[in-house]
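K.L.:
Next comes input.txt, compact mmCIF, C-alpha atoms and all ligand atoms:
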```
# COMPACT_ATOMS: atom_id res chain seq x y z
CA MET A 1 4.87 64.18 135.17
CA THR A 2 7.10 66.28 132.93
CA ARG A 3 5.50 67.12 129.65
CA LYS A 4 7.62 68.43 126.78
CA GLN A 5 6.56 71.95 125.98
CA ILE A 6 5.38 72.97 122.53
CA ILE A 7 5.87 76.41 121.01
CA ALA A 8 3.53 76.75 118.06
CA GLY A 9 2.98 79.57 115.58
CA ASN A 10 -0.32 80.09 113.78
CA TRP A 11 0.32 82.42 110.87
CA LYS A 12 -3.33 82.69 109.79
CA LEU A 13 -3.64 84.48 106.41
CA ASN A 14 -0.05 85.73 106.37
CA LYS A 15 3.14 85.01 104.39
CA THR A 16 3.70 83.77 100.86
CA ALA A 17 5.71 80.63 100.15
CA SER A 18 8.92 82.62 99.62
CA GLU A 19 8.37 84.57 102.86
CA THR A 20 7.78 81.24 104.58
CA ARG A 21 11.09 79.84 103.33
CA ARG A 22 12.96 82.97 104.44
CA PHE A 23 11.35 82.89 107.89
CA ILE A 24 12.18 79.24 108.49
CA LEU A 25 15.79 79.62 107.36
CA THR A 26 16.16 82.62 109.69
CA LEU A 27 14.53 80.78 112.57
CA LYS A 28 16.86 77.81 112.07
CA ASN A 29 19.79 80.21 112.54
CA ARG A 30 18.25 81.78 115.62
CA ILE A 31 17.65 78.45 117.37
CA ALA A 32 20.97 76.84 116.42
CA GLY A 33 22.87 76.37 119.65
CA MET A 34 19.86 76.71 121.95
CA ASP A 35 19.86 73.90 124.50
CA ALA A 36 16.86 71.81 125.49
CA LEU A 37 14.62 73.05 122.71
CA PRO A 38 10.88 72.57 123.20
CA GLU A 39 8.88 71.00 120.38
CA LEU A 40 8.43 73.57 117.63
CA LEU A 41 5.49 73.87 115.28
CA ILE A 42 4.69 76.37 112.55
CA CYS A 43 1.32 76.50 110.81
CA PRO A 44 1.64 78.54 107.59
CA PRO A 45 -1.12 79.04 105.01
CA SER A 46 -1.85 75.85 103.06
CA VAL A 47 -0.19 77.06 99.85
CA ALA A 48 3.10 77.43 101.73
CA LEU A 49 3.01 74.04 103.46
CA GLU A 50 5.16 72.22 100.91
CA THR A 51 7.80 74.96 100.97
CA ALA A 52 7.69 75.00 104.77
CA VAL A 53 8.21 71.24 105.03
CA ASP A 54 11.15 71.49 102.65
CA ALA A 55 12.75 74.47 104.43
CA ALA A 56 12.30 72.87 107.85
CA ARG A 57 13.92 69.54 106.93
CA LYS A 58 16.35 68.30 109.63
CA SER A 59 15.62 71.33 111.84
CA GLY A 60 13.21 69.69 114.28
CA ILE A 61 10.59 72.30 113.32
CA ALA A 62 7.28 70.56 112.64
CA ILE A 63 4.86 71.95 110.10
CA GLY A 64 1.11 72.00 110.62
CA ALA A 65 -1.99 72.94 108.67
CA GLN A 66 -4.38 75.56 110.02
CA ASN A 67 -7.45 73.55 109.10
CA VAL A 68 -8.51 70.21 107.60
CA TYR A 69 -11.65 68.66 106.14
CA TRP A 70 -13.28 65.45 107.32
CA GLU A 71 -13.70 63.83 103.91
CA SER A 72 -10.80 62.27 101.99
CA SER A 73 -11.82 63.42 98.50
CA GLY A 74 -14.79 64.48 96.41
CA ALA A 75 -16.89 67.52 95.55
CA PHE A 76 -15.83 69.78 98.43
CA THR A 77 -14.50 72.89 96.70
CA GLY A 78 -11.73 74.65 98.58
CA GLU A 79 -11.17 71.93 101.16
CA ILE A 80 -8.00 69.99 101.95
CA SER A 81 -7.87 66.41 103.21
CA THR A 82 -5.68 64.87 105.85
CA GLU A 83 -4.28 62.47 103.24
CA MET A 84 -3.15 65.41 101.10
CA LEU A 85 -1.43 66.98 104.11
CA GLU A 86 0.24 63.73 105.13
CA SER A 87 1.56 63.25 101.60
CA LEU A 88 3.34 66.62 101.86
CA GLY A 89 5.09 65.68 105.09
CA VAL A 90 2.86 67.88 107.24
CA SER A 91 2.70 66.46 110.76
CA HIS A 92 0.11 68.52 112.67
CA ALA A 93 -3.25 70.20 112.11
CA LEU A 94 -5.05 72.91 114.04
CA ILE A 95 -8.70 72.10 114.56
CA GLY A 96 -11.46 74.41 115.79
CA HIS A 97 -9.51 77.65 115.97
CA SER A 98 -11.86 80.36 117.22
CA GLU A 99 -11.59 82.21 113.90
CA ARG A 100 -12.82 79.08 112.12
CA ARG A 101 -15.67 78.85 114.61
CA ALA A 102 -16.63 82.55 114.55
CA LEU A 103 -15.95 83.56 110.94
CA PHE A 104 -16.62 80.29 109.13
CA GLY A 105 -19.42 78.87 111.25
CA GLU A 106 -17.56 75.80 112.47
CA SER A 107 -19.61 74.00 115.11
CA ASP A 108 -18.56 71.65 117.89
CA ALA A 109 -19.89 68.82 115.69
CA ASP A 110 -17.62 69.93 112.81
CA VAL A 111 -14.66 70.06 115.17
CA ASN A 112 -15.48 66.54 116.31
CA ARG A 113 -15.71 65.23 112.72
CA LYS A 114 -12.37 66.83 111.89
CA LEU A 115 -10.74 65.41 114.99
CA LEU A 116 -11.97 61.88 114.27
CA LYS A 117 -10.73 62.16 110.68
CA VAL A 118 -7.30 63.40 111.76
CA LEU A 119 -7.01 60.60 114.31
CA SER A 120 -7.79 58.01 111.64
CA GLY A 121 -4.50 58.99 109.96
CA THR A 122 -1.13 60.10 111.28
CA LEU A 123 -1.45 63.86 111.86
CA ILE A 124 -1.23 65.25 115.39
CA PRO A 125 -4.32 67.36 116.09
CA VAL A 126 -4.13 70.61 118.04
CA VAL A 127 -7.70 71.20 119.17
CA CYS A 128 -8.53 74.79 120.12
CA VAL A 129 -11.15 75.72 122.70
CA GLY A 130 -11.95 78.94 124.52
CA GLU A 131 -14.70 81.19 125.77
CA ALA A 132 -15.84 84.55 124.39
CA LEU A 133 -15.72 87.69 126.54
CA ALA A 134 -19.48 87.60 127.13
CA ASP A 135 -19.17 84.00 128.40
CA ARG A 136 -16.43 84.97 130.82
CA GLU A 137 -18.33 88.01 132.05
CA ALA A 138 -21.41 85.86 132.58
CA GLY A 139 -19.37 83.38 134.65
CA ARG A 140 -19.78 80.67 132.01
CA THR A 141 -16.12 80.02 131.15
CA GLU A 142 -16.07 76.57 132.77
CA GLU A 143 -19.29 75.44 131.20
CA ILE A 144 -18.35 76.60 127.69
CA VAL A 145 -14.81 75.23 127.68
CA VAL A 146 -15.73 71.87 129.20
CA ARG A 147 -18.57 71.50 126.72
CA GLN A 148 -16.25 72.27 123.79
CA VAL A 149 -13.75 69.67 125.03
CA LYS A 150 -16.40 66.99 125.61
CA ASN A 151 -18.05 67.60 122.24
CA ALA A 152 -14.71 67.55 120.42
CA PHE A 153 -13.76 64.22 122.03
CA LEU A 154 -17.03 62.37 121.31
CA GLY A 155 -16.23 58.94 119.92
CA VAL A 156 -12.44 59.30 120.24
CA ALA A 157 -10.85 55.92 120.97
CA HIS A 158 -8.78 55.65 124.12
CA GLU A 159 -5.67 54.65 122.17
CA HIS A 160 -5.97 57.79 120.01
CA ALA A 161 -6.51 60.23 122.86
CA ARG A 162 -2.81 60.29 123.69
CA ARG A 163 -2.01 61.89 120.32
CA ILE A 164 -4.21 64.94 120.92
CA VAL A 165 -2.80 68.34 121.89
CA LEU A 166 -5.23 70.92 123.25
CA ALA A 167 -4.96 74.70 123.10
CA TYR A 168 -6.88 76.94 125.47
CA GLU A 169 -7.43 80.18 123.61
CA PRO A 170 -9.81 82.61 125.28
CA VAL A 171 -11.44 84.41 122.36
CA TRP A 172 -11.18 87.78 124.11
CA ALA A 173 -7.38 87.40 124.22
CA ILE A 174 -6.79 86.51 120.57
CA GLY A 175 -5.22 89.32 118.60
CA THR A 176 -6.39 91.87 121.17
CA GLY A 177 -3.23 92.41 123.21
CA LEU A 178 -5.22 91.24 126.26
CA THR A 179 -3.62 88.15 127.75
CA ALA A 180 -5.14 85.86 130.33
CA THR A 181 -3.05 86.14 133.48
CA PRO A 182 -0.95 83.06 134.20
CA ASP A 183 -3.40 82.27 137.04
CA GLN A 184 -6.44 82.60 134.81
CA ALA A 185 -4.87 80.41 132.12
CA ASN A 186 -3.77 77.78 134.62
CA ALA A 187 -7.17 77.61 136.29
CA VAL A 188 -8.97 76.86 133.01
CA GLN A 189 -6.23 74.54 131.78
CA GLY A 190 -6.37 72.56 135.03
CA LEU A 191 -10.09 72.24 134.50
CA ILE A 192 -9.54 71.04 130.92
CA ARG A 193 -7.06 68.44 132.18
CA ARG A 194 -9.55 67.20 134.76
CA SER A 195 -12.33 66.97 132.21
CA VAL A 196 -10.11 64.95 129.87
CA GLY A 197 -9.19 62.80 132.88
CA ALA A 198 -12.88 62.16 133.51
CA ILE A 199 -13.22 60.80 129.96
CA PHE A 200 -9.92 58.98 129.39
CA GLY A 201 -8.47 58.51 132.86
CA GLY A 202 -5.67 60.12 134.80
CA ALA A 203 -2.77 58.69 132.80
CA VAL A 204 -3.97 60.25 129.53
CA ALA A 205 -4.78 63.54 131.27
CA ASP A 206 -1.32 63.61 132.85
CA GLU A 207 0.39 63.25 129.48
CA LEU A 208 -1.86 65.69 127.64
CA ARG A 209 -0.14 68.87 126.47
CA ILE A 210 -2.35 71.94 126.87
CA LEU A 211 -1.10 75.11 125.22
CA TYR A 212 -2.18 78.62 126.03
CA GLY A 213 -2.98 81.02 123.17
CA GLY A 214 -4.11 84.63 123.17
CA SER A 215 -1.67 87.51 122.74
CA ALA A 216 1.22 85.37 123.98
CA GLY A 217 4.59 86.89 123.16
CA PRO A 218 8.18 87.33 124.30
CA ASN A 219 7.05 89.50 127.23
CA ASN A 220 4.67 87.00 128.85
CA ALA A 221 5.47 83.51 127.51
CA ALA A 222 7.86 82.56 130.33
CA ASP A 223 5.36 83.53 133.05
CA LEU A 224 2.56 81.63 131.33
CA MET A 225 4.71 78.53 130.81
CA ALA A 226 5.82 78.57 134.44
CA GLU A 227 2.30 77.47 135.37
CA SER A 228 1.78 73.78 136.11
CA ASP A 229 -0.92 73.19 133.50
CA VAL A 230 0.50 75.38 130.72
CA ASP A 231 2.59 73.15 128.46
CA GLY A 232 3.52 75.70 125.86
CA VAL A 233 2.01 78.49 123.82
CA LEU A 234 0.14 78.83 120.54
CA VAL A 235 1.19 82.18 119.15
CA GLY A 236 -0.49 84.23 116.43
CA GLY A 237 0.80 87.76 115.91
CA ALA A 238 4.14 87.31 117.66
CA SER A 239 4.95 84.23 115.56
CA LEU A 240 5.18 86.28 112.36
CA ASP A 241 8.55 87.76 113.22
CA ALA A 242 11.43 85.27 113.46
CA ASP A 243 13.19 87.26 116.21
CA SER A 244 10.16 87.49 118.46
CA PHE A 245 9.27 83.82 117.84
CA ALA A 246 12.87 82.84 118.67
CA GLU A 247 12.65 84.83 121.90
CA ILE A 248 9.55 82.89 122.91
CA ILE A 249 11.39 79.65 122.12
CA ARG A 250 14.31 80.83 124.25
CA ALA A 251 11.90 81.40 127.14
CA ALA A 252 11.02 77.69 127.01
CA ALA A 253 14.48 76.32 126.15
C1 LIG A 301 -4.06 82.52 117.59
O1 LIG A 301 -4.49 82.92 116.53
O2 LIG A 301 -4.10 81.31 117.84
C2 LIG A 301 -3.55 83.49 118.55
C3 LIG A 301 -3.31 83.08 119.76
O3 LIG A 301 -3.35 84.78 118.10
P1 LIG A 301 -2.59 85.97 118.89
O4 LIG A 301 -1.35 85.39 119.49
O5 LIG A 301 -2.29 86.99 117.84
O6 LIG A 301 -3.52 86.46 119.95
```
Would you write the structure of this file as structure tokens?
P.N.:
Amino acid sequence: MTRKQIIAGNWKLNKTASETRRFILTLKNRIAGMDALPELLICPPSVALETAVDAARKSGIAIGAQNVYWESSGAFTGEISTEMLESLGVSHALIGHSERRALFGESDADVNRKLLKVLSGTLIPVVCVGEALADREAGRTEEIVVRQVKNAFLGVAHEHARRIVLAYEPVWAIGTGLTATPDQANAVQGLIRRSVGAIFGGAVADELRILYGGSAGPNNAADLMAESDVDGVLVGGASLDADSFAEIIRAAA
């Protein structure tokens, strides 16, 4: 089964709206003329989403939110609903990034609520899972990651499962310069695919795109993506510079 690769950038708390526009216009130039482009996704801060959607028009670059809330409206200060994102032309949403889990107390149950809400609309969810260093050192990587996947998918309808993208992001590799080796990434991502297969069957598991994230960059993206269960990369730091992001895209093109 050939799965179309996805190169995604998570900008976190970086770039104003005008910096976002400049980046996207530069990136459009860099990728013009590249053959066989992978799917491209940029997740800027929420205040730059509208600008990003506008700048990315007709470029094939999809724009995603870094977070969503599970209610549509009401007294939830600071939150943003899936309907609001859809109305801007945003097409994707990250869910359960490890920074949301660690810094903002997001639980597996929250991730599940967010996923179900996203799937009730039109956004494509990118669900992030990954073990902390202590989990890996204790030999608990499998247990933790499989549990996160199972808990995230609770109550997901079979017909919606096909829309989900997963990202394996070992917490110890995020923003640290430490990357999982291609073998390490592939081993966990194969396991994730099998655990999704156990829930939704082999056909869904076969189609599922699983990205690797954690200090991915121009120097290692090609090796990571050469692995059978690595269907692209979710890039933090190295997605902030249009040249380095374009190099990663070239590695997949
Ligand atoms: C991320 O935030 O999803 C990420 C993978 O960050 P970095 O590439 O900087 O490790």
K.L.:
Would you pick out the contacts of A:Asn14 at 8 Å or less, using all atoms listed in the file, so that residues sharing its chain but fewer than 3 positions from it are not included, and give the list as a list in words?
P.N.:
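Everything that qualifies: Trp11, Pro44, Pro45 and Leu240 of chain A.
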K.L.:
Could you list, as a ChimeraX atom specification, all protein and nucleic acid residues with an atom at most 7 Å from ligand LIG 301 (chain A), counting only C-alpha atoms and all ligand atoms?
P.N.:
/A:10,12,97,169,173-177,213-216,234-238
K.L.:
Using only C-alpha atoms, pick whichever of A:Glu50, A:Asp243, A:Asp206, A:Glu137 has the shortest atom-to-atom distance to A:Asp231.
P.N.:
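Residue with the minimum atom-to-atom distance to A:Asp231: A:Asp206.
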K.L.:
Would you mind telling me which residue in A:Leu49, A:Cys43, A:Ala167, A:Ala55 lies nearest to A:Met84 when using only C-alpha atoms?
P.N.:
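Distance minimum relative to A:Met84 lands on A:Leu49.
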K.L.:
In terms of the shortest atom-to-atom distance over all atoms listed in the file, which of A:His158, A:Arg140, A:Arg163, A:Arg101 is closest to A:Thr122?
P.N.:
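With all atoms listed in the file as the atom set, the closest residue is A:Arg163.
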K.L.:
Work out how far atom CA of A:Ile95 is from atom CA of A:Ala52, in Å to one decimal.
P.N.:
19.3 Å
K.L.:
May I ask for the distance between atom CA of A:Ser59 and atom CA of A:Ala8, given in Å to one decimal place?
P.N.:
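Rounded to one decimal, the two atoms are 14.6 Å apart.
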K.L.:
Using all atoms listed in the file for the distances, tell me which of A:Thr141, A:Ser46, A:Thr181, A:Ser107 is nearest to A:Leu224.
P.N.:
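Of A:Thr141, A:Ser46, A:Thr181, A:Ser107, the one nearest A:Leu224, counting all atoms listed in the file, is A:Thr181.
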K.L.:
Which residue is closest to A:Arg162? Choose from A:Arg209, A:Arg136, A:Arg100, A:Arg193 and count all atoms listed in the file.
P.N.:
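Of A:Arg209, A:Arg136, A:Arg100, A:Arg193, the one nearest A:Arg162 is A:Arg209, counting all atoms listed in the file.
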